[in-house]
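Enquirer: Sending over a structure as C-alpha cells; questions will come in a sec.
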Amino acid sequence: MAEPLKDFAAGCVGGFAGKLLDYPLDTVKVLLQTQNVQSVNSSSSGRASVAAAANSSSAVEGPVVYRGAWHCLQHTVETKGVQGLYKGISSPLLGSMAENAVLFFVYNNCKRALGEVPGGPELTLFQLALAGAGAGAVVPFVLTPVELVKCRLQVQNSASTVAGFRPYKGPIDVIKQTLKSEGLVKGLYRGNFSTLLREIPGNFCWYGTYEGVCKAMIPEGGTKSDLGPPAHLLGGALAGVMYWTAFYPADTVKSMIQTNPDHSGKGFAETFCSMYEKEGLKGLYRGWGITAARAAPAHAAIFAAYEYTMKLLGPTPDHDKNVSFTMHESVRD
C-alpha cells in the first residue's frame with residue numbers, strides 16, 4: 001500500500017480512538033471556557049440558539065454555573081446523562097479523519113521541502129517541529145467549521161437552561177442555521193484566526209516533543225524502528241500536554257468567539273483583551289487543567305493506535321529505518 005494511503009488509514013484509526021477517549025472531558029473544557037458568557041436573545045422569534053442571537057443587541061451575560069471541572073462533569077451527568085458528555089461527537093469524529101489526512105499530507109510535504117529523502121540524513125529536531133508548524137498553518141481551514149459545530153452543540157448543556165433557548169437538533173442543523181443566519185466566512189469560519197494561533201505553536205511543540213522523546217528512548221546501537229509501545233505512549237502523552245500548553249488562551253478565545261453572541265463580529269485581539277480585563281490570566285486559562293489531563297491518555301492512545309496500524313499495514317517500499325519517526329502523526333482535537 002502506498003505511503004499516503006497507509007497514513008490516511010492509520011490516522012483514521014488513531015483519531016477515532018483518541019476522540020472517543022477524550023471527548024467527554026473536551027465537553028467539560030468547552031463548558032468551563034464559555035460558562036460565564038452564555039447569552040441568548042430573549043426577544044428572538046423562537047428559532048433561538050446561540051447562533052440565532054448573534055446579531056442581537058439585547059443579549060445579556062448569564063451567571064457562572066460551574067465551580068470547577070469536577071462540578072461541571074457531575075452537573076452535566078446529573079442533568080443530561082452520560083450522553084450529555086458526548087453531545088455533538090459525530091462531527092468531531094468525522095472531522096478528525098479529515099484533519100488527519102490534511103496534517104499528514106502537508107507535514108510530509110513540508111519535510112520533503114526541508115530536505116528529507118528516504119535513506120538520507122535525518123532532519124534535526126527543530127526542522128521536524130518546523131514542519132509541524134507548517135501543517136498547523138493549513139489544518140485550521142478544515143478544523144474551524146468542525147470545532148464550531150462541536151462547541152455550539154456542547155454549550156447547549158448549559159445554555160438550554162436560559163429561558164427561550166431552543167437547542168440545535170444536531171450537527172446538520174447547526175450548519176444549516178449558521179450558514180443561513182451568519183454565512184460561510186463569518187459563520188462556519190468564525191474563530192479561524194484563533195485556531196491558527198493555537199495550531200501553529202501547538203503543532204510545533206507537539207511534533208518536537210514526540211520526536212524528542214522517541215530519540216531519547218532509542219536503545220544504544222539501535223534505531224527508531226526498534227521503539228515499541230512504551231515510547232509511543234510516553235511520547236504521545238507528553239506531546240499532548242505540550243500541544244495544549246503552547247498557547248491555550250487562543251483556544252479559550254476561539255470558543256468564546258464561536259459560541260458567544262456578544263462577541264459576534266469581534267476579532268481575536270479585542271476578545272482577548274476583553275477577557276483579560278474582566279478575569280485576567282485565570283479566565284484565559286480556564287479549563288487548562290482538565291484539558292491537559294485528558295490530553296495525556298488520549299494522545300498516548302492516538303499514537304499507539306496509529307503506529308500499531310502502520311505496522312499491521314506492512315512496510316512501505318524503499319522505506320528506510322532512518323527516516324524520521326514522526327512521519328506518522330495523528331489528529332489531536
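Chain labels run A, B, ... following the order of the C-alpha cells; each chain numbers its residues from 1, and ligands are numbered from 1 in the order shown.
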Name all residues at most 12 Å from His71 (chain A) (count only C-alpha atoms; drop same-chain ones fewer than 3 positions away) and give them as a list in words.
Expert: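 Those residues are Val28, Lys29, Leu31, Leu32, Val65, Tyr66, Arg67, Gly68, Gln74, His75, Thr76, Val77, Glu78, Thr79 and Ile290 of chain A.
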Enquirer: Among the residues of region 33-273 of chain A, find those DSSP assigns to helix (DSSP H, G or I) from the backbone and print them as a PyMOL selection string.
Expert: chain A and resi 33-37+69-80+82-86+90-113+125-138+140-154+156-159+171-182+184-188+192-216+224-226+229-246+248-259+261-263+268-273
Enquirer: What's the 6 Å shell around Gly11 (chain A), counting only C-alpha atoms, without same-chain residues fewer than 3 positions away, as a PyMOL selection string?
Expert: chain A and resi 7-8+14-15+100+306+330
Enquirer: Would you mind telling me which residue in A:Ala231, A:Ser264, A:Thr144, A:Arg198 lies nearest to Pro219 (chain A) when using only C-alpha atoms?
Expert: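 Of the candidates, the smallest distance to Pro219 (chain A) is held by A:Ala231.
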Enquirer: Here is a test: counting only C-alpha atoms, which residue of A:Cys214, A:Val30, A:Leu179, A:Ile200 is nearest to Gln154 (chain A)?
Expert: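 Going through A:Cys214, A:Val30, A:Leu179, A:Ile200 one by one, the smallest distance to Gln154 (chain A) is for A:Val30.
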Enquirer: Which is closer to Met97 (chain A) than all the others in A:Gly136, A:Gly18, A:Gly228, A:Gly222, using only C-alpha atoms?
Expert: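 Looking only at the distances to Met97 (chain A), the closest residue turns out to be A:Gly18.
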Enquirer: Taking 6 positions as the minimum chain separation for residues in the same chain, which residues sit within 10 Å of Ile172 (chain A) when counting only C-alpha atoms? Answer as a count of residues only.
Expert: 3
Enquirer: Of the residues A:Leu148, A:Asn192, A:Thr291, A:Pro249, which is the one nearest to Cys273 (chain A), using only C-alpha atoms?
Expert: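 Going through A:Leu148, A:Asn192, A:Thr291, A:Pro249 one by one, the smallest distance to Cys273 (chain A) is for A:Pro249.
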Enquirer: Can you work out the spacing between CA of Ala9 (chain A) and CA of Tyr107 (chain A) in Å, to one decimal?
Expert: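 Straight-line distance from CA of Ala9 (chain A) to CA of Tyr107 (chain A) works out to 16.1 Å.
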Enquirer: Tell me, as a PDB file with C-alpha atoms, in the first residue's frame, which residues lie within 8 Å of Gly208 (chain A), counting only C-alpha atoms; anything in the same chain fewer than 2 positions away does not count.
Expert:
```pdb
ATOM      1  CA  LEU A 125      14.504  18.190  15.846  1.00  0.00           C
ATOM      2  CA  PHE A 126      13.925  21.853  15.045  1.00  0.00           C
ATOM      3  CA  LEU A 128      10.698  18.434  12.312  1.00  0.00           C
ATOM      4  CA  ALA A 129       8.985  20.851  14.669  1.00  0.00           C
ATOM      5  CA  PHE A 204       5.475  22.929  16.605  1.00  0.00           C
ATOM      6  CA  CYS A 205       5.592  21.748  20.224  1.00  0.00           C
ATOM      7  CA  TRP A 206       3.620  18.580  19.509  1.00  0.00           C
ATOM      8  CA  TYR A 210       7.143  13.498  20.418  1.00  0.00           C
ATOM      9  CA  GLU A 211      10.259  13.261  18.297  1.00  0.00           C
ATOM     10  CA  GLY A 212      12.460  14.291  21.213  1.00  0.00           C
ATOM     11  CA  ALA A 239       3.278  15.767  23.316  1.00  0.00           C
TER      12      ALA A 239
END
```
